[in-house]
Every structure is written in C-alpha cells, then in structure tokens.
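Peer 1: This is entry-v5.txt, which holds compact mmCIF, C-alpha atoms:
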# COMPACT_ATOMS: atom_id res chain seq x y z
CA MET A 4 58.12 19.40 13.26
CA ARG A 5 54.88 20.16 15.04
CA GLU A 6 51.92 17.80 15.13
CA LEU A 7 48.55 19.31 14.33
CA ASP A 8 45.42 18.74 16.33
CA ARG A 9 42.21 17.65 14.64
CA ALA A 10 40.73 21.14 14.26
CA GLU A 11 43.95 22.63 12.88
CA ALA A 12 44.36 19.75 10.46
CA LEU A 13 40.80 19.94 9.10
CA GLY A 14 41.11 23.72 8.93
CA LEU A 15 44.21 23.45 6.74
CA LEU A 16 42.57 20.80 4.56
CA ALA A 17 39.76 23.27 3.89
CA THR A 18 42.23 25.87 2.57
CA VAL A 19 43.11 23.74 -0.48
CA SER A 20 41.01 22.04 -3.14
CA LEU A 21 43.30 19.25 -4.28
CA GLY A 22 44.28 16.10 -2.42
CA ARG A 23 44.88 12.41 -2.95
CA ILE A 24 42.49 9.62 -2.04
CA VAL A 25 44.11 6.35 -1.02
CA PHE A 26 42.26 3.08 -1.25
CA THR A 27 42.63 -0.58 -2.08
CA ARG A 28 41.92 -1.72 -5.60
CA HIS A 29 42.33 -5.29 -6.76
CA ALA A 30 44.09 -5.93 -3.43
CA LEU A 31 46.75 -3.33 -4.27
CA PRO A 32 47.33 0.10 -2.77
CA ALA A 33 45.91 2.77 -5.07
CA VAL A 34 45.99 6.56 -5.04
CA ARG A 35 44.39 9.26 -7.20
CA PRO A 36 44.53 13.04 -7.10
CA VAL A 37 41.05 14.51 -6.70
CA ASN A 38 39.22 17.73 -5.95
CA HIS A 39 37.71 18.11 -2.51
CA PHE A 40 36.01 20.45 -0.18
CA VAL A 41 35.29 20.24 3.49
CA ASP A 42 31.63 20.25 4.61
CA GLY A 43 31.53 20.46 8.39
CA GLU A 44 34.02 17.73 9.28
CA ASP A 45 33.33 15.65 6.18
CA ILE A 46 35.56 15.62 3.13
CA ILE A 47 33.60 15.52 -0.12
CA VAL A 48 35.33 14.33 -3.30
CA ARG A 49 34.00 13.97 -6.79
CA ILE A 50 33.82 10.68 -8.62
CA HIS A 51 32.72 9.64 -12.06
CA GLU A 52 31.40 6.39 -13.42
CA GLY A 53 34.03 4.09 -14.76
CA GLY A 54 36.86 5.86 -13.01
CA ALA A 55 39.10 4.09 -10.53
CA LEU A 56 36.98 5.48 -7.71
CA GLY A 57 33.76 4.20 -9.24
CA SER A 58 34.07 0.93 -7.34
CA LEU A 59 34.01 2.87 -4.08
CA ALA A 60 30.56 4.14 -5.00
CA SER A 61 28.99 0.84 -5.94
CA PRO A 62 25.95 -0.35 -3.99
CA ALA A 63 27.98 -3.36 -2.89
CA GLU A 64 30.18 -0.97 -0.96
CA ALA A 65 27.24 0.75 0.70
CA PRO A 66 28.50 0.16 4.25
CA GLY A 67 31.52 2.16 3.18
CA VAL A 68 35.17 1.37 2.71
CA VAL A 69 38.07 2.73 4.68
CA VAL A 70 40.16 5.21 2.75
CA ALA A 71 42.89 7.68 3.56
CA TYR A 72 42.90 11.21 2.25
CA GLU A 73 46.01 13.35 2.07
CA ALA A 74 46.65 16.96 1.19
CA ASP A 75 49.78 19.00 1.65
CA VAL A 76 51.43 22.28 0.86
CA ILE A 77 55.16 21.65 1.14
CA ASP A 78 57.98 23.69 -0.33
CA PRO A 79 60.13 21.22 -2.26
CA ASP A 80 63.33 23.10 -1.40
CA THR A 81 62.90 24.13 2.22
CA HIS A 82 60.41 21.36 3.10
CA LEU A 83 58.48 23.94 5.09
CA GLY A 84 54.71 23.53 5.01
CA TRP A 85 52.13 21.08 6.21
CA SER A 86 50.55 17.72 5.47
CA VAL A 87 47.25 16.33 6.70
CA VAL A 88 46.08 12.72 6.52
CA VAL A 89 42.50 11.72 7.28
CA THR A 90 41.43 8.09 7.63
CA GLY A 91 37.79 7.11 7.67
CA TYR A 92 34.88 5.48 5.92
CA ALA A 93 33.99 6.71 2.46
CA ARG A 94 30.41 6.40 1.30
CA PRO A 95 28.61 7.63 -1.80
CA VAL A 96 26.51 10.73 -1.23
CA ALA A 97 23.01 9.29 -1.52
CA ASP A 98 20.87 12.34 -0.72
CA ALA A 99 19.83 13.92 -4.03
CA ASP A 100 19.86 17.49 -2.73
CA ASP A 101 23.33 17.06 -1.25
CA ALA A 102 24.53 15.41 -4.45
CA ASP A 103 23.28 18.34 -6.55
CA ARG A 104 24.84 20.90 -4.23
CA TYR A 105 28.16 19.07 -4.22
CA ALA A 106 28.16 18.71 -7.99
CA ASP A 107 28.00 22.50 -8.25
CA LEU A 108 30.76 22.97 -5.70
CA LEU A 109 33.13 20.39 -7.17
CA ARG A 110 34.26 21.99 -10.38
CA PRO A 111 34.52 19.33 -13.07
CA TRP A 112 37.90 18.44 -14.47
CA VAL A 113 38.68 17.89 -18.09
CA GLY A 114 37.40 14.44 -18.90
CA PRO A 115 34.29 12.51 -17.98
CA PRO A 116 31.61 14.55 -16.23
CA THR A 117 31.19 14.23 -12.50
CA THR A 118 28.49 11.70 -11.77
CA GLY A 119 28.60 11.57 -8.04
CA ALA A 120 30.35 12.44 -4.86
CA LEU A 121 31.95 10.51 -2.07
CA ARG A 122 31.74 11.57 1.56
CA ILE A 123 34.70 10.72 3.78
CA ARG A 124 33.83 10.86 7.46
CA PRO A 125 37.10 11.44 9.32
CA ASP A 126 37.88 8.95 12.03
CA LEU A 127 41.61 9.46 12.49
CA VAL A 128 42.99 12.91 11.63
CA THR A 129 46.73 13.48 11.73
CA GLY A 130 48.98 16.16 10.38
CA PHE A 131 52.19 18.02 10.85
CA ARG A 132 53.57 21.40 10.07
CA LEU A 133 57.22 22.13 9.39
CA GLU A 134 58.09 25.67 10.34
CA ALA A 135 61.33 27.59 10.04
CA GLU A 136 63.25 27.08 13.26
CA ALA A 137 63.29 30.12 15.51
CA SER A 138 66.77 31.54 15.79
CA ARG A 139 68.48 29.85 18.67
CA PRO A 140 69.79 31.80 21.62
CA ALA A 141 73.55 32.32 21.46
CA PRO A 142 75.46 29.80 23.54
CA ARG A 143 76.61 31.09 26.91
CA ALA A 144 80.20 32.21 27.08
CA MET B 27 43.08 13.97 -20.64
CA ARG B 28 46.01 12.12 -22.11
CA GLU B 29 47.47 8.93 -20.65
CA LEU B 30 51.23 8.84 -20.26
CA ASP B 31 53.42 5.96 -21.29
CA ARG B 32 55.92 4.49 -18.88
CA ALA B 33 58.91 6.51 -20.05
CA GLU B 34 57.01 9.79 -20.02
CA ALA B 35 55.61 9.07 -16.57
CA LEU B 36 58.96 8.17 -15.02
CA GLY B 37 60.52 11.18 -16.74
CA LEU B 38 57.98 13.51 -15.15
CA LEU B 39 58.45 11.87 -11.76
CA ALA B 40 62.16 12.67 -12.00
CA THR B 41 61.41 16.37 -12.45
CA VAL B 42 60.05 16.73 -8.90
CA SER B 43 61.42 15.77 -5.50
CA LEU B 44 58.25 15.37 -3.46
CA GLY B 45 55.66 12.63 -3.66
CA ARG B 46 53.46 10.46 -1.49
CA ILE B 47 54.09 6.84 -0.59
CA VAL B 48 50.99 4.72 -0.11
CA PHE B 49 51.07 1.55 1.93
CA THR B 50 49.12 -0.55 4.39
CA ARG B 51 49.65 -0.03 8.10
CA HIS B 52 47.75 -1.90 10.77
CA ALA B 53 45.49 -3.14 7.96
CA LEU B 54 44.52 0.43 7.05
CA PRO B 55 45.45 2.51 4.00
CA ALA B 56 48.26 4.90 4.89
CA VAL B 57 49.99 7.71 3.01
CA ARG B 58 52.95 9.98 3.78
CA PRO B 59 54.61 12.78 1.83
CA VAL B 60 58.28 12.01 1.25
CA ASN B 61 61.28 13.12 -0.72
CA HIS B 62 62.33 11.02 -3.66
CA PHE B 63 64.61 10.79 -6.59
CA VAL B 64 64.64 8.51 -9.58
CA ASP B 65 67.68 6.23 -10.06
CA GLY B 66 67.36 4.51 -13.41
CA GLU B 67 63.78 3.26 -13.18
CA ASP B 68 63.82 2.91 -9.40
CA ILE B 69 62.27 5.44 -7.05
CA ILE B 70 64.35 6.02 -3.93
CA VAL B 71 62.71 7.52 -0.85
CA ARG B 72 64.14 8.33 2.55
CA ILE B 73 62.98 6.71 5.76
CA HIS B 74 63.88 7.12 9.39
CA GLU B 75 63.66 4.75 12.32
CA GLY B 76 60.44 4.95 14.24
CA GLY B 77 58.57 6.75 11.48
CA ALA B 78 55.49 5.31 9.89
CA LEU B 79 57.65 3.96 7.07
CA GLY B 80 60.03 2.21 9.45
CA SER B 81 57.94 -0.94 9.33
CA LEU B 82 58.49 -1.13 5.58
CA ALA B 83 62.22 -1.42 6.24
CA SER B 84 62.10 -4.14 8.87
CA PRO B 85 63.92 -7.39 8.15
CA ALA B 86 60.56 -9.15 8.39
CA GLU B 87 59.57 -7.29 5.25
CA ALA B 88 62.73 -8.28 3.41
CA PRO B 89 60.88 -9.82 0.45
CA GLY B 90 59.37 -6.40 0.00
CA VAL B 91 55.90 -5.01 0.30
CA VAL B 92 53.77 -3.59 -2.47
CA VAL B 93 53.38 0.17 -2.27
CA ALA B 94 52.09 2.88 -4.55
CA TYR B 95 53.92 6.12 -5.11
CA GLU B 96 52.26 9.24 -6.42
CA ALA B 97 53.53 12.62 -7.52
CA ASP B 98 51.70 15.37 -9.31
CA VAL B 99 51.93 18.94 -10.48
CA ILE B 100 48.35 20.12 -10.90
CA ASP B 101 47.08 23.68 -11.00
CA PRO B 102 44.29 23.82 -8.41
CA ASP B 103 42.28 26.30 -10.49
CA THR B 104 42.66 25.10 -14.06
CA HIS B 105 43.37 21.44 -13.14
CA LEU B 106 46.00 21.45 -15.85
CA GLY B 107 49.09 19.41 -15.08
CA TRP B 108 50.05 15.80 -14.57
CA SER B 109 49.93 12.95 -12.10
CA VAL B 110 51.98 9.76 -12.04
CA VAL B 111 51.32 6.64 -9.97
CA VAL B 112 53.85 3.85 -9.67
CA THR B 113 53.01 0.51 -8.06
CA GLY B 114 55.70 -1.97 -7.12
CA TYR B 115 57.68 -3.69 -4.44
CA ALA B 116 59.49 -1.53 -1.92
CA ARG B 117 62.60 -2.90 -0.28
CA PRO B 118 65.17 -1.33 2.04
CA VAL B 119 68.40 -0.33 0.30
CA ALA B 120 70.81 -2.91 1.69
CA ASP B 121 74.00 -2.07 -0.21
CA ALA B 122 76.11 0.19 2.03
CA ASP B 123 77.59 2.20 -0.85
CA ASP B 124 74.17 2.82 -2.35
CA ALA B 125 72.79 3.73 1.07
CA ASP B 126 75.55 6.31 1.60
CA ARG B 127 75.09 7.80 -1.85
CA TYR B 128 71.33 8.03 -1.43
CA ALA B 129 71.64 9.60 2.03
CA ASP B 130 73.62 12.43 0.43
CA LEU B 131 71.10 12.87 -2.36
CA LEU B 132 68.01 12.81 -0.16
CA ARG B 133 68.25 16.07 1.70
CA PRO B 134 67.09 15.58 5.27
CA TRP B 135 63.91 17.22 6.46
CA VAL B 136 63.43 18.93 9.75
CA GLY B 137 62.98 16.16 12.29
CA PRO B 138 64.64 12.83 12.87
CA PRO B 139 67.71 12.20 10.73
CA THR B 140 67.45 9.95 7.73
CA THR B 141 68.50 6.47 8.69
CA GLY B 142 67.88 4.61 5.50
CA ALA B 143 66.34 4.51 2.10
CA LEU B 144 63.67 2.48 0.41
CA ARG B 145 63.87 1.39 -3.20
CA ILE B 146 60.60 1.10 -5.11
CA ARG B 147 60.93 -1.00 -8.24
CA PRO B 148 58.13 0.07 -10.57
CA ASP B 149 55.92 -2.70 -11.81
CA LEU B 150 52.85 -0.79 -12.95
CA VAL B 151 53.40 2.82 -14.07
CA THR B 152 50.40 4.96 -14.93
CA GLY B 153 49.88 8.64 -15.37
CA PHE B 154 47.91 11.31 -17.10
CA ARG B 155 48.38 14.81 -18.27
CA LEU B 156 45.65 17.41 -18.53
CA GLU B 157 46.44 19.95 -21.17
CA ALA B 158 44.58 23.03 -22.31
CA GLU B 159 42.28 21.97 -25.11
CA ALA B 160 43.42 23.10 -28.52
CA SER B 161 41.05 25.68 -29.95
CA ARG B 162 38.36 23.86 -31.85
CA PRO B 163 37.76 24.52 -35.50
CA ALA B 164 34.81 26.78 -36.09
CA PRO B 165 31.62 24.87 -36.91
CA ARG B 166 30.77 24.77 -40.58
CA ALA B 167 28.18 27.25 -41.68
Give the structure from this file in structure tokens form.
Peer 2:
Amino acid sequence: MRELDRAEALGLLATVSLGRIVFTRHALPAVRPVNHFVDGEDIIVRIHEGGALGSLASPAEAPGVVVAYEADVIDPDTHLGWSVVVTGYARPVADADDADRYADLLRPWVGPPTTGALRIRPDLVTGFRLEAEASRPAPRA
Amino acid sequence: MRELDRAEALGLLATVSLGRIVFTRHALPAVRPVNHFVDGEDIIVRIHEGGALGSLASPAEAPGVVVAYEADVIDPDTHLGWSVVVTGYARPVADADDADRYADLLRPWVGPPTTGALRIRPDLVTGFRLEAEASRPAPRA
C-alpha cells in the first residue's frame, strides 16, 4: 500500500466524476453519492434544494461546514486501485458566473434539477494506492 | 428516482463487497473504503490495529458508536444504478467463533493483516435506485 501525496491524490480525484460527500446531519454521520469535478484544487459538487445536502448550502452555514469527500476506484476482487479522502470546509458557490459555469459542467441526475453547487476547499488530502506487488527476488540458496 | 425499502436496500448491499464506512475521528467527519459482507441484517467490516478504524474497536467504545455505511453501483455517465446508506451502532465482534468465521470471509487486503471485525447493526436503512425512464406515451394529437 502506497500513500499518495496531495498532488497525486487531487490528480486522481479529477479522473473520476463520482464520489461521496460525508457530513453531519441531525448529529448523525451522513453520506451521499454525488457528481463532482475538480476546479484548481477545489472540489465542486452539485446540490439541489430540499436534498440532504441542502442544509449545507443554507445562509446559516455561510462560514462553511467541515465535510469529507471520498472517491475511489478499487477492484472488488483484487483490491487493487486507489482511494482519496479530502477534508475541508464546504461553502455554497455564491458567485453567479461561477454558479452558472458549474451548473453546465455538473450534468444533472435524474430527479430534482440542480439548483446550486458546493465548493469544498481541501485542507487535509490523503489517499492510498494498492498496486500489484512486484515479483519478489528468489530467496538465496 | 425510486426509494428502496429496507429489504431491497440490504439485499443490494449484499450483492457487493466494497463500501465506505463513515465515522467521526478527532471531531471531524471521516470515511474509509472497506470490505464488507451482510450477515442476516448486520454489516460486518474488517478492521486492523492501528488503522483509522481501530479507535472504533477500542474497549472505551464498547457501547458502540454510530456510523454510516454506504455502498453504491452507479454508472458515472448515465447515473443509473443504486446507492444504499445504513446508519447504526458499530461494535467490535467480541465472540471468538464469530470473529474467526468473519476473518475467513473478509479477504485480507494488501497491507496490515486483519485483526478484527466490526458489526454494524442497521437502525436507519435508506437507498435509491435510478432507472432508465420508461418511454413516455406519445402526446395526444
């Protein structure tokens, strides 16, 4: 198992479009799969009014709330692959131009239309990659 | 988008072996991909000493801690698929026979050997499935 540095981890996160946002809701741990993309170092995820993530976008939360964001590509049989976890403050995207641009980039899912986006600014970035072990040298006779 | 009932959700969870456990660590939201299987209604996940999940198995946590557990199979392009989230108390598997049986069933990953298992007893079980929309009837002339 090899730990990833920040740049590697964010680079891998940018290669996929699906992850899971982890937050606290009603004092309980909560998690939802969402669409994302990486803008610079920020992770942008879509939200819609009334969804579980809606509370994260309320004006009352304007200073931001700490969330974790996880994405992985792991083979269920071999366990080879990678996982990245980002922890940081999530804040609603307030700038109208940014919000419009992100709405175009975050393809809507079936269901309620996207009504906003959340920007996660990575503080802690961790990750690992599981690679097939290199063949070991034969033991000495 | 269709909501899943408890039996459907746990049934889907049992069809995969990889999910993400969500918990609180150092007062921050934390998430790790892990191997699981479903035993009755319980979700069993592997842990190893010294890992991030080790704290969940400490005697101090014997009454159990509330965690969330998520698994999904979602097509990144079409977004079709399903996601299940279970919330409940996680407790170390204390029974030695159970622990041995689970160690055999939870195939070890590359890295530190499995040294224990955690049992998550589902309290809240939620999930959804996104299916291709049925073709709509043609509008009346």
Peer 1: Might you pull out every residue within 12 Å of segment 51-57 of chain B, with only C-alpha atoms counted and same-chain residues fewer than 5 positions away left off, and present them as a VMD selection string?
Peer 2: (chain A and resid 22 to 28 30 to 35 68 to 75 86 to 92 126 to 130) or (chain B and resid 45 to 46 77 to 82 91 to 96)
Peer 1: Of the residues A:Ala97, A:Ile47, A:Val76, A:Leu7, which is the one nearest to chain B, using all atoms listed in the file?
Peer 2: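 When distances to chain B are compared using all atoms listed in the file, the smallest one comes from A:Val76.
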Peer 1: In Å, with one decimal, what is the gap from atom CA of Gly37 of chain B to atom CA of Tyr128 of chain B?
Peer 2: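 Computing it gives 19.0 Å between the two atoms.
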Peer 1: Enumerate, as a PDB file with C-alpha atoms, in the frame of the given file, the protein, DNA and RNA residues whose atoms approach (39.6, 20.0, 1.5) to within 7 Å, taking into account all atoms listed in the file and the coordinate frame of the file.
Peer 2:
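Generated output (selection-v4.pdb):
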ATOM      1  CA  LEU A  16      42.570  20.800   4.560  1.00  0.00           C
ATOM      2  CA  ALA A  17      39.760  23.270   3.890  1.00  0.00           C
ATOM      3  CA  THR A  18      42.230  25.870   2.570  1.00  0.00           C
ATOM      4  CA  VAL A  19      43.110  23.740  -0.480  1.00  0.00           C
ATOM      5  CA  SER A  20      41.010  22.040  -3.140  1.00  0.00           C
ATOM      6  CA  LEU A  21      43.300  19.250  -4.280  1.00  0.00           C
ATOM      7  CA  HIS A  39      37.710  18.110  -2.510  1.00  0.00           C
ATOM      8  CA  PHE A  40      36.010  20.450  -0.180  1.00  0.00           C
ATOM      9  CA  VAL A  41      35.290  20.240   3.490  1.00  0.00           C
ATOM     10  CA  ILE A  46      35.560  15.620   3.130  1.00  0.00           C
TER      11      ILE A  46
END
Peer 1: Please identify all polymer residues within 10 Å of Ala158 of chain B, counting all atoms listed in the file, omitting same-chain residues fewer than 5 positions from it, and present them as an MDAnalysis selection string.
Peer 2: (chainID A and resid 113) or (chainID B and resid 27 104:107)
Peer 1: Measure the distance from atom CA of Gly142 of chain B to atom CA of Leu133 of chain A in Å and round it to one decimal.
Peer 2: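 Separation of atom CA of Gly142 of chain B and atom CA of Leu133 of chain A: 20.9 Å.
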Peer 1: I'd like the neighbourhood of Val48 of chain A as an MDAnalysis selection string, where a residue qualifies if any of its atoms comes within 7 Å (using all atoms listed in the file), though same-chain residues fewer than 4 positions away should be ignored.
Peer 2: chainID A and resid 37:40 120:122
Peer 1: Distance atom CA of Ala116 of chain B-atom CA of Gly66 of chain B, one decimal place?
Peer 2: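 So the two atoms, atom CA of Ala116 of chain B and atom CA of Gly66 of chain B, lie 15.2 Å apart.
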Peer 1: Measuring atom to atom with all atoms listed in the file, identify which of B:Ile100, B:Leu36, B:His74, B:Asp121 is nearest to chain A.
Peer 2: B:Ile100
Peer 1: Tell me which of B:Ala125, B:Asp65, B:Gly90, B:Asp103 sits closest to chain A, counting all atoms listed in the file.
Peer 2: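 Looking only at the distances to chain A, the closest residue turns out to be B:Asp103.
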